[in-house]
file run-v9.tsv (TSV, C-alpha atoms)
chain	number	residue	atom	x	y	z
A	458	MET	CA	9.77	52.91	68.84
A	459	LYS	CA	9.18	55.28	71.73
A	460	ALA	CA	12.90	55.39	72.39
A	461	ARG	CA	13.63	56.30	68.78
A	462	PHE	CA	10.73	58.58	67.98
A	463	GLY	CA	9.38	59.72	71.35
A	464	ASP	CA	10.50	63.29	70.67
A	465	ILE	CA	8.10	63.41	67.71
A	466	GLY	CA	5.23	62.43	70.00
A	467	TYR	CA	6.30	65.02	72.55
A	468	PHE	CA	6.38	67.84	69.98
A	469	SER	CA	3.12	66.67	68.40
A	470	ARG	CA	1.38	66.99	71.77
A	471	THR	CA	3.10	70.23	72.74
A	472	PHE	CA	2.21	71.96	69.49
A	473	LYS	CA	-1.16	70.18	69.15
A	474	VAL	CA	-0.41	69.29	65.51
A	475	ASN	CA	-3.21	68.20	63.17
A	476	GLY	CA	-0.90	66.40	60.77
A	477	ALA	CA	2.69	65.88	59.77
A	478	ILE	CA	4.71	65.72	56.57
A	479	LEU	CA	7.56	63.23	56.22
A	480	TYR	CA	9.70	64.79	53.54
A	481	THR	CA	12.63	62.79	52.24
A	482	TYR	CA	15.01	63.20	49.34
A	483	LYS	CA	15.30	60.56	46.68
A	484	PHE	CA	18.38	58.32	47.07
A	485	CYS	CA	18.88	59.41	50.70
A	486	ASP	CA	19.41	56.06	52.41
A	487	PRO	CA	19.77	57.27	56.03
A	488	PHE	CA	16.30	58.86	55.95
A	489	GLY	CA	14.63	56.65	53.35
A	490	PHE	CA	14.99	53.49	55.43
A	491	GLU	CA	13.21	55.19	58.34
A	492	VAL	CA	9.95	55.63	56.47
A	493	PRO	CA	8.00	52.44	57.46
A	494	ALA	CA	9.00	52.74	61.13
A	495	ARG	CA	8.10	56.42	61.25
A	496	LYS	CA	4.80	55.76	59.49
A	497	ALA	CA	3.99	53.15	62.12
A	498	TYR	CA	4.92	55.58	64.89
A	499	TYR	CA	2.71	58.39	63.54
A	500	ASP	CA	-0.06	55.84	63.22
A	501	SER	CA	0.36	54.84	66.86
A	502	ILE	CA	0.08	58.45	68.08
A	503	HIS	CA	-2.87	59.11	65.72
A	504	VAL	CA	-1.25	61.94	63.76
A	505	PRO	CA	-2.16	61.92	60.04
A	506	LEU	CA	0.97	61.72	57.91
A	507	LEU	CA	1.83	62.71	54.36
A	508	CYS	CA	4.97	61.02	52.98
A	509	LEU	CA	6.72	62.92	50.22
A	510	GLU	CA	9.80	61.85	48.33
A	511	ASP	CA	11.30	64.66	46.35
A	512	LEU	CA	14.32	65.80	44.39
A	513	TYR	CA	16.56	68.55	45.66
A	514	SER	CA	15.28	70.98	43.10
A	515	ALA	CA	12.62	73.66	42.67
A	516	GLY	CA	11.24	71.92	39.59
A	517	THR	CA	8.74	69.87	41.59
A	518	ILE	CA	7.13	72.81	43.39
A	519	GLY	CA	3.83	72.46	41.49
A	520	GLN	CA	3.40	68.78	42.40
A	521	LEU	CA	4.35	69.50	46.00
A	522	LYS	CA	1.73	72.22	46.23
A	523	THR	CA	-0.98	69.87	44.94
A	524	ARG	CA	0.00	67.05	47.31
A	525	ILE	CA	0.15	69.33	50.35
A	526	GLN	CA	-3.08	71.12	49.48
A	527	ALA	CA	-4.85	67.76	49.12
A	528	PHE	CA	-3.44	66.63	52.47
A	529	LEU	CA	-4.61	69.82	54.19
A	530	GLU	CA	-8.10	69.31	52.74
A	531	MET	CA	-8.12	65.70	53.96
A	532	ILE	CA	-7.25	66.56	57.54
A	533	GLY	CA	-9.65	69.54	57.48
B	1099	MET	CA	44.99	29.68	40.06
B	1100	THR	CA	43.54	31.79	37.26
B	1101	ALA	CA	41.11	34.66	37.77
B	1102	THR	CA	38.29	32.64	36.23
B	1103	GLN	CA	39.03	29.68	38.51
B	1104	ALA	CA	38.98	32.01	41.51
B	1105	ALA	CA	35.67	33.49	40.36
B	1106	ALA	CA	34.24	29.99	39.87
B	1107	SER	CA	35.06	29.06	43.46
B	1108	ILE	CA	33.00	31.95	44.85
B	1109	GLY	CA	29.64	30.34	44.05
B	1110	PRO	CA	30.13	27.18	46.15
B	1111	MET	CA	31.66	29.24	48.95
B	1112	VAL	CA	28.74	31.65	49.20
B	1113	LYS	CA	26.31	28.75	48.82
B	1114	GLU	CA	27.90	27.15	51.86
B	1115	PHE	CA	27.68	30.43	53.83
B	1116	ILE	CA	23.94	30.51	53.23
B	1117	ALA	CA	23.24	26.76	53.53
B	1118	GLY	CA	25.45	26.63	56.64
B	1119	ALA	CA	23.42	29.38	58.31
B	1120	VAL	CA	20.15	27.58	57.52
B	1121	ARG	CA	21.64	24.32	58.92
B	1122	ALA	CA	22.89	26.03	62.07
B	1123	LYS	CA	19.46	27.57	62.64
B	1124	ALA	CA	17.81	24.15	62.35
B	1125	GLU	CA	20.32	22.59	64.76
B	1126	GLY	CA	19.89	25.49	67.20
B	1127	LYS	CA	23.30	25.11	68.81
B	1128	GLN	CA	24.86	28.32	67.56
B	1129	LYS	CA	23.72	31.93	67.74
B	1130	LEU	CA	23.32	33.66	64.39
B	1131	ALA	CA	24.13	37.31	63.69
B	1132	TYR	CA	23.22	39.38	60.66
B	1133	THR	CA	26.27	41.35	59.66
B	1134	PHE	CA	28.12	43.11	56.86
B	1135	ILE	CA	31.19	42.19	54.89
B	1136	VAL	CA	34.55	44.01	55.13
B	1137	CYS	CA	33.89	45.26	58.67
B	1138	HIS	CA	36.19	42.92	60.64
B	1139	HIS	CA	33.15	41.67	62.52
B	1140	GLU	CA	33.73	38.09	61.44
B	1141	GLU	CA	36.81	37.43	63.56
B	1142	ILE	CA	35.08	38.74	66.70
B	1143	LEU	CA	31.83	36.89	66.05
B	1144	ARG	CA	33.56	33.57	65.32
B	1145	ALA	CA	35.69	33.93	68.44
B	1146	LEU	CA	32.38	34.14	70.33
B	1147	ASP	CA	31.10	31.04	68.48
B	1148	VAL	CA	28.51	33.17	66.69
B	1149	LEU	CA	27.82	32.40	63.04
B	1150	PRO	CA	27.75	35.46	60.76
B	1151	VAL	CA	24.87	35.70	58.28
B	1152	TRP	CA	25.96	37.85	55.35
B	1153	THR	CA	22.85	39.78	54.39
B	1154	GLU	CA	24.51	41.59	51.48
B	1155	ASN	CA	25.67	38.31	49.96
B	1156	PHE	CA	22.17	36.92	50.19
B	1157	ALA	CA	20.77	39.91	48.28
B	1158	GLY	CA	23.53	39.40	45.72
B	1159	VAL	CA	22.52	35.77	45.30
B	1160	CYS	CA	18.86	36.76	44.86
B	1161	GLY	CA	19.95	39.19	42.15
B	1162	ALA	CA	22.23	36.67	40.41
B	1163	LYS	CA	19.42	34.12	40.38
B	1164	ARG	CA	17.04	36.76	38.94
B	1165	ASP	CA	14.82	36.31	41.97
B	1166	SER	CA	15.06	39.63	43.80
B	1167	GLU	CA	12.10	41.37	42.16
B	1168	ARG	CA	9.48	39.82	44.47
B	1169	PHE	CA	11.43	40.91	47.56
B	1170	LEU	CA	11.99	44.41	46.16
B	1171	GLN	CA	8.29	44.74	45.41
B	1172	ARG	CA	7.46	43.66	48.93
B	1173	ALA	CA	9.85	46.25	50.38
B	1174	GLU	CA	8.22	48.88	48.20
B	1175	SER	CA	4.79	47.87	49.45
B	1176	LEU	CA	6.03	48.55	53.01
B	1177	GLY	CA	6.68	52.20	52.11
B	1178	LEU	CA	10.34	51.96	51.15
B	1179	SER	CA	11.34	53.88	48.04
B	1180	ARG	CA	12.79	52.13	45.00
B	1181	SER	CA	15.50	54.78	44.98
B	1182	LEU	CA	17.11	53.25	48.08
B	1183	CYS	CA	19.89	50.64	48.11
B	1184	THR	CA	18.44	47.50	46.50
B	1185	TYR	CA	20.70	45.18	48.52
B	1186	ALA	CA	18.97	46.47	51.62
B	1187	LEU	CA	15.51	46.54	50.04
B	1188	CYS	CA	15.88	42.90	48.98
B	1189	GLY	CA	16.92	41.91	52.51
B	1190	ILE	CA	14.17	43.89	54.24
B	1191	GLY	CA	11.51	42.56	51.85
B	1192	PHE	CA	12.75	39.02	52.49
B	1193	ASP	CA	12.79	39.51	56.29
B	1194	GLN	CA	9.28	40.92	56.37
B	1195	TRP	CA	7.99	38.05	54.21
B	1196	ARG	CA	9.66	35.39	56.38
B	1197	GLU	CA	8.42	37.00	59.60
B	1198	GLU	CA	4.87	37.43	58.31
B	1199	GLN	CA	4.67	33.76	57.26
B	1200	GLY	CA	6.67	32.37	60.15
B	1201	GLN	CA	8.71	30.40	57.62
B	1202	MET	CA	10.96	30.95	54.61
B	1203	PRO	CA	9.30	32.50	51.56
B	1204	PRO	CA	8.50	29.81	48.95
B	1205	GLU	CA	11.51	28.60	46.98
B	1206	ALA	CA	13.82	31.02	48.76
B	1207	PRO	CA	17.17	31.20	46.93
B	1208	TRP	CA	19.62	28.62	48.31
B	1209	GLY	CA	17.37	27.88	51.27
B	1210	GLY	CA	16.88	31.52	52.33
B	1211	MET	CA	18.15	33.64	55.15
B	1212	PRO	CA	17.32	32.45	58.68
B	1213	LYS	CA	16.06	34.77	61.40
B	1214	PRO	CA	19.08	35.96	63.42
B	1215	ASP	CA	19.51	36.11	67.18
B	1216	PHE	CA	20.93	39.62	66.87
B	1217	MET	CA	22.13	42.05	64.22
B	1218	VAL	CA	25.40	43.96	64.02
B	1219	SER	CA	25.15	47.21	62.12
B	1220	THR	CA	27.99	49.51	61.22
B	1221	GLY	CA	28.78	52.91	59.78
B	1222	GLN	CA	32.00	51.70	58.24
B	1223	ILE	CA	33.34	52.18	54.73
B	1224	LEU	CA	31.01	55.05	53.88
B	1225	CYS	CA	28.06	52.79	53.13
B	1226	ASP	CA	25.01	54.66	54.43
B	1227	PRO	CA	22.44	51.82	54.41
B	1228	ARG	CA	24.52	49.77	56.80
B	1229	ALA	CA	23.53	52.01	59.69
B	1230	LYS	CA	19.80	51.91	58.85
B	1231	TRP	CA	19.11	48.56	57.13
B	1232	TYR	CA	18.78	46.51	60.31
B	1233	GLN	CA	16.70	49.17	62.03
B	1234	ALA	CA	14.28	48.88	59.12
B	1235	SER	CA	14.30	45.06	59.38
B	1236	GLN	CA	13.79	45.25	63.13
B	1237	GLN	CA	10.37	46.74	62.44
B	1238	TYR	CA	9.32	43.20	61.43
B	1239	MET	CA	11.24	41.30	64.13
B	1240	PRO	CA	11.20	43.61	67.17
B	1241	ASP	CA	12.57	40.89	69.46
B	1242	VAL	CA	15.93	40.86	67.66
B	1243	PRO	CA	18.39	43.36	69.17
B	1244	ILE	CA	20.83	45.49	67.16
B	1245	TYR	CA	24.39	46.25	68.18
B	1246	ASN	CA	26.64	48.67	66.37
B	1247	MET	CA	30.33	48.03	65.77
B	1248	ASP	CA	32.36	50.73	64.04
B	1249	LEU	CA	35.95	49.61	64.00
B	1250	PRO	CA	38.51	52.15	62.85
B	1251	TYR	CA	40.69	51.48	59.84
B	1252	PRO	CA	44.28	52.10	60.91
B	1253	LEU	CA	46.10	54.59	58.72
B	1254	PHE	CA	48.65	53.10	56.42
B	1255	GLU	CA	51.44	54.69	54.49
B	1256	ARG	CA	54.24	52.58	53.13
B	1257	ASP	CA	57.03	54.88	54.24
B	1258	ARG	CA	55.82	55.52	57.77
B	1259	ASP	CA	56.06	53.43	60.88
B	1260	HIS	CA	52.62	53.28	62.48
B	1261	ARG	CA	53.47	50.87	65.25
B	1262	GLU	CA	53.38	53.54	67.94
B	1263	VAL	CA	49.66	54.18	67.31
B	1264	TRP	CA	48.57	50.52	67.22
B	1265	GLY	CA	47.96	50.50	70.95
B	1266	TYR	CA	45.52	53.39	70.66
B	1267	TYR	CA	43.46	51.53	68.10
B	1268	GLN	CA	43.34	48.48	70.34
B	1269	LYS	CA	42.28	50.57	73.32
B	1270	TYR	CA	39.61	52.33	71.27
B	1271	ILE	CA	38.18	49.08	69.86
B	1272	ALA	CA	38.19	47.30	73.23
B	1273	LYS	CA	36.39	50.24	74.83
B	1274	GLU	CA	33.81	50.36	72.08
B	1275	LEU	CA	33.09	46.63	72.29
B	1276	ARG	CA	32.76	46.71	76.07
B	1277	ALA	CA	30.45	49.73	76.03
call {"tool": "encode", "arguments": {"input": "run-v9.tsv", "output": "structure tokens"}}
result
Amino acid sequence: MKARFGDIGYFSRTFKVNGAILYTYKFCDPFGFEVPARKAYYDSIHVPLLCLEDLYSAGTIGQLKTRIQAFLEMIG
Amino acid sequence: MTATQAAASIGPMVKEFIAGAVRAKAEGKQKLAYTFIVCHHEEILRALDVLPVWTENFAGVCGAKRDSERFLQRAESLGLSRSLCTYALCGIGFDQWREEQGQMPPEAPWGGMPKPDFMVSTGQILCDPRAKWYQASQQYMPDVPIYNMDLPYPLFERDRDHREVWGYYQKYIAKELRA
């Protein structure tokens, strides 16, 4: 996992992030299949993660706002 | 042979692929490799006395037997979206279940899919999940290595002689396999 996602850990430390958003598009297989492994990696480096699956359209902007606001409130 | 006769012979053939892999696993004499159809991996694997395990076919069998839903639901519970390739989701759900239990899921279709010794992924024939499916499965069996084999499809046009480029394909493939 470190070999595949170590750069994420490096950037998380460098930028002292409080949380991360894993944003994938529906029906995108190359990224979609990464989700469980990435979740496990974020868990191992103790960075709170919000997973969002979205359509490539502006029509979901309201839902996105709510989800991200809620996430920001959760991580304080 | 008629088309319907040909279609009827597929069932027993695929059944033997799956049952044969389960048998080989139990005997423990042959290495097993997860791999994908139409990638020319089979000839190379069999030359190495490795038995291919066709993960796509297994998902197809689960679907044909109306028994894929439980594996799809399991994949979804792992964080995989339902909008992804359901062949892959079925396989990953099955793998995770088998690894969690340390044995085949109950009443696994046609005996189930045995744990492989290694997995051969590919980016061939424009099928995106083939490059990521086994990485996702590896999450649940981290001791199983993945190798990637992308073999080129030689160009073919009926009215052109391609023999002069054959050697380049051979060189390319040999180099890739040795890497």
call {"tool": "interface_residues", "arguments": {"input": "run-v9.tsv", "of": "chain B", "to": "chain A", "cutoff": "6 Å", "atoms": "only C-alpha atoms", "output": "PyMOL selection string"}}
result
chain B and resi 1177+1181-1182+1227+1234
call {"tool": "atom_distance", "arguments": {"input": "run-v9.tsv", "atom1": "atom CA of Asp1226 of chain B", "atom2": "atom CA of Pro1250 of chain B"}}
result
16.1 Å
call {"tool": "atom_distance", "arguments": {"input": "run-v9.tsv", "atom1": "atom CA of Trp1264 of chain B", "atom2": "atom CA of Val1148 of chain B"}}
result
26.5 Å
call {"tool": "residues_around", "arguments": {"input": "run-v9.tsv", "residues": "Leu1143 of chain B", "least_positions_apart": "2", "cutoff": "12 Å", "atoms": "all atoms listed in the file", "output": "PyMOL selection string"}}
result
chain B and resi 1128-1134+1137-1141+1145-1151+1216-1218+1247+1275
call {"tool": "residues_around", "arguments": {"input": "run-v9.tsv", "residues": "Gly466 of chain A", "least_positions_apart": "6", "cutoff": "12 Å", "atoms": "all atoms listed in the file", "output": "VMD selection string"}}
result
chain A and resid 458 to 460 472 to 474 476 to 477 495 498 to 504
call {"tool": "closest_residue", "arguments": {"input": "run-v9.tsv", "among": "B:Glu1262, B:Phe1254, B:Met1239, B:Val1136", "to": "Leu1224 of chain B", "atoms": "only C-alpha atoms"}}
result
B:Val1136
call {"tool": "atom_distance", "arguments": {"input": "run-v9.tsv", "atom1": "atom CA of Arg1180 of chain B", "atom2": "atom CA of Arg1228 of chain B"}}
result
16.8 Å
